[in-house]
Structures are given as structure tokens and as C-alpha cells.
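Participant: Here you go, this is structure-v5.cif (mmCIF, C-alpha atoms).
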```cif
data_final
loop_
_atom_site.label_atom_id
_atom_site.label_comp_id
_atom_site.auth_asym_id
_atom_site.auth_seq_id
_atom_site.Cartn_x
_atom_site.Cartn_y
_atom_site.Cartn_z
CA ALA K 1 98.22 92.19 123.77
CA ASN K 2 99.19 95.53 122.34
CA THR K 3 96.67 98.05 121.04
CA PHE K 4 97.26 97.18 117.38
CA ASP K 5 96.61 93.48 118.05
CA VAL K 6 93.28 94.35 119.64
CA CYS K 7 92.39 96.80 116.87
CA GLU K 8 93.35 94.29 114.18
CA ALA K 9 91.14 91.67 115.86
CA GLU K 10 88.29 94.19 115.92
CA LEU K 11 88.78 95.00 112.21
CA ARG K 12 88.88 91.32 111.27
CA ALA K 13 85.68 90.74 113.26
CA ILE K 14 84.01 93.63 111.42
CA LYS K 15 85.12 92.18 108.08
CA LEU K 16 83.76 88.75 109.02
CA ALA K 17 80.44 90.27 110.17
CA LEU K 18 80.07 92.11 106.86
CA GLU K 19 80.85 88.92 104.89
CA LEU K 20 78.32 86.92 106.91
CA PHE K 21 75.70 89.63 106.46
CA LEU K 22 76.18 89.59 102.69
CA LYS K 23 75.94 85.78 102.55
CA ALA K 24 72.87 85.67 104.77
CA SER K 25 70.99 88.55 103.14
CA LYS K 26 68.55 86.97 100.76
CA PHE K 27 66.40 90.06 101.06
CA GLU K 28 66.90 93.70 100.21
CA SER K 29 69.10 95.26 102.86
CA HIS K 30 67.89 98.30 104.74
CA GLY K 31 71.31 98.88 106.21
CA LEU K 32 73.49 97.40 108.89
CA LEU K 33 74.55 98.70 112.29
CA ILE K 34 78.05 97.67 113.45
CA GLU K 35 78.73 98.28 117.17
CA PRO K 36 82.35 97.53 118.01
CA ASP K 37 83.59 98.28 121.52
CA SER K 38 86.70 99.95 120.12
CA SER K 39 86.21 103.71 119.90
CA THR K 40 89.44 103.77 117.88
CA ALA K 41 87.97 101.46 115.23
CA VAL K 42 84.81 103.57 115.03
CA LEU K 43 86.93 106.72 114.60
CA TRP K 44 88.78 105.05 111.71
CA PHE K 45 85.49 104.52 109.87
CA ILE K 46 84.20 108.01 110.60
CA ASP K 47 87.47 109.66 109.51
CA ALA K 48 89.41 107.56 106.99
CA SER K 49 92.40 109.93 107.24
CA LYS K 50 93.04 108.47 110.73
CA GLN K 51 93.32 104.87 109.43
CA PRO K 52 96.81 103.45 110.01
CA TRP K 53 98.68 102.29 106.90
CA LYS K 54 99.43 99.00 108.62
CA PHE K 55 95.81 97.97 108.03
CA TRP K 56 95.37 99.51 104.57
CA GLU K 57 94.56 96.20 102.84
CA LEU K 58 92.05 95.26 105.54
CA PHE K 59 90.34 98.65 105.32
CA LYS K 60 90.12 98.27 101.52
CA LEU K 61 88.42 94.87 101.89
CA ILE K 62 86.01 96.29 104.47
CA ASP K 63 85.28 99.33 102.27
CA ASN K 64 84.42 97.03 99.36
CA LEU K 65 82.03 95.02 101.54
CA VAL K 66 80.41 98.20 102.88
CA GLU K 67 79.94 99.40 99.30
CA LYS K 68 78.15 96.14 98.39
CA ILE K 69 75.84 96.39 101.41
CA GLY K 70 75.04 100.05 100.94
CA GLU K 71 74.19 101.68 104.23
CA VAL K 72 76.46 100.63 107.11
CA THR K 73 76.63 102.65 110.33
CA PHE K 74 79.46 102.33 112.84
CA THR K 75 78.79 103.32 116.44
CA ASN K 76 80.69 102.60 119.64
CA ILE K 77 79.23 100.32 122.31
CA PHE K 78 80.92 99.86 125.66
CA ARG K 79 82.63 96.50 126.22
CA GLU K 80 80.54 95.88 129.37
CA ALA K 81 77.35 96.12 127.31
CA ASN K 82 78.64 93.77 124.62
CA GLY K 83 79.85 90.72 126.57
CA LEU K 84 79.45 88.12 123.82
CA ALA K 85 81.40 90.16 121.26
CA ASN K 86 84.11 90.84 123.83
CA ALA K 87 84.45 87.12 124.63
CA LEU K 88 84.63 86.23 120.93
CA SER K 89 87.33 88.83 120.29
CA LYS K 90 89.43 87.45 123.14
CA VAL K 91 89.08 83.92 121.74
CA GLY K 92 90.01 85.23 118.29
CA LEU K 93 93.22 86.77 119.58
CA SER K 94 94.36 83.46 121.06
CA ARG K 95 93.57 81.31 117.97
CA HIS K 96 96.47 80.08 115.87
CA VAL K 97 94.16 79.07 113.03
CA PRO K 98 91.48 81.49 111.81
CA LEU K 99 87.85 80.60 112.27
CA VAL K 100 86.34 79.70 108.92
CA VAL K 101 82.62 79.93 108.34
CA SER K 102 81.26 78.48 105.13
#
```
Reformat the file's structure so that it appears as C-alpha cells.

Facilitator:
Amino acid sequence: ANTFDVCEAELRAIKLALELFLKASKFESHGLLIEPDSSTAVLWFIDASKQPWKFWELFKLIDNLVEKIGEVTFTNIFREANGLANALSKVGLSRHVPLVVS
């Protein structure tokens, strides 16, 4: 897989996590910590000027979700320390049909 495929999978996972958080939050949110293993993805959220145009629509959707939640912090976590998320991202890359959670 090329770097953009991996980064797109990471961004889609972040979007899904934000959507699930909003659906599950029946209480007042005190913020959310997102820990992707992609330092590139974290950089894109710290400095929006680095976001590639290819993912503009996806960033806009994520930005809207972040705005609804309020406080969202992005920090990098090493892949080795985040085994479950790494396994899920690999499965996501190989799926032909997106996972739908309702």
C-alpha cells in the first residue's frame, strides 16, 4: 500500500471514531483524545496548511465533527503500542465494502 492509502485509512478511521463518539455520548463531553499511529495524520491536524488537497472533503467532514464535540486532542502513539488499532486499519485497507456501524 502506498503512503496515501495508509493515511486515507487513518483519516477514515478517525472520522468513524468521531461519529461513534457523538452517537454514544449521552452525557456532556469533556473532550476526546485521538491517538493515531500516523505522525503524518497528527501533523495534518496540528497544522492544517500541511493537509493535502486530495483529502479536503474528508478533512472538512472531520473538522465539522470536531466542532460538534468541542475539545478533541490529536497525539501520536507508536504502532507497537496500539496493536488493536493497527490490526483494524490493516483489515480496513483490504475491505471492498466499507464497515457500517448503525

Participant: With only C-alpha atoms as the basis for distance, which of K:Glu10, K:Glu71, K:Asp5, K:Asp63 is at the shortest distance from Ser38 (chain K)?

Facilitator: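 Answer, going by the shortest atom-to-atom distance: K:Glu10.
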
Participant: Taking all atoms listed in the file into account, which of K:Ile62, K:Leu33, K:Phe45, K:Phe55 comes nearest Ile14 (chain K)?

Facilitator: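 For Ile14 (chain K), the nearest of the given residues is K:Ile62.
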
Participant: Evaluated on this file, the PyMOL selection byres ((chain K and resi 61) around 12) picks out some residues - which ones are they, written as a ChimeraX atom specification?

Facilitator: /K:11-12,14-16,18-19,55-60,62-68

Participant: Just to be explicit: take each residue in the selection above, keep C-alpha atoms, and write the result as a PDB file, keeping the file's coordinate frame.

Facilitator:
```pdb
ATOM      1  CA  LEU K  11      88.780  95.000 112.210  1.00  0.00           C
ATOM      2  CA  ARG K  12      88.880  91.320 111.270  1.00  0.00           C
ATOM      3  CA  ILE K  14      84.010  93.630 111.420  1.00  0.00           C
ATOM      4  CA  LYS K  15      85.120  92.180 108.080  1.00  0.00           C
ATOM      5  CA  LEU K  16      83.760  88.750 109.020  1.00  0.00           C
ATOM      6  CA  LEU K  18      80.070  92.110 106.860  1.00  0.00           C
ATOM      7  CA  GLU K  19      80.850  88.920 104.890  1.00  0.00           C
ATOM      8  CA  PHE K  55      95.810  97.970 108.030  1.00  0.00           C
ATOM      9  CA  TRP K  56      95.370  99.510 104.570  1.00  0.00           C
ATOM     10  CA  GLU K  57      94.560  96.200 102.840  1.00  0.00           C
ATOM     11  CA  LEU K  58      92.050  95.260 105.540  1.00  0.00           C
ATOM     12  CA  PHE K  59      90.340  98.650 105.320  1.00  0.00           C
ATOM     13  CA  LYS K  60      90.120  98.270 101.520  1.00  0.00           C
ATOM     14  CA  ILE K  62      86.010  96.290 104.470  1.00  0.00           C
ATOM     15  CA  ASP K  63      85.280  99.330 102.270  1.00  0.00           C
ATOM     16  CA  ASN K  64      84.420  97.030  99.360  1.00  0.00           C
ATOM     17  CA  LEU K  65      82.030  95.020 101.540  1.00  0.00           C
ATOM     18  CA  VAL K  66      80.410  98.200 102.880  1.00  0.00           C
ATOM     19  CA  GLU K  67      79.940  99.400  99.300  1.00  0.00           C
ATOM     20  CA  LYS K  68      78.150  96.140  98.390  1.00  0.00           C
TER      21      LYS K  68
END
```

Participant: Expressed in Å to a single decimal, how great is the separation between CA of Gln51 (chain K) and CA of Leu22 (chain K)?

Facilitator: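 Distance between the two atoms: 23.9 Å.
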
Participant: How many Å lie between CA of Leu84 (chain K) and CA of Ala48 (chain K), rounded to one decimal?

Facilitator: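 Computing the Euclidean distance for CA of Leu84 (chain K) and CA of Ala48 (chain K) yields 27.6 Å.
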
Participant: For the atom pair CA of Ile77 (chain K) and CA of Leu43 (chain K), what is the interatomic distance in Å to one decimal place?

Facilitator: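 These atoms are spaced 12.6 Å apart.
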
Participant: Select, from K:Thr40, K:Glu35, K:Ser49, K:Lys54, the residue with the minimum atom-to-atom distance to Asn76 (chain K), counting all atoms listed in the file.

Facilitator: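 Residue with the minimum atom-to-atom distance to Asn76 (chain K): K:Glu35.
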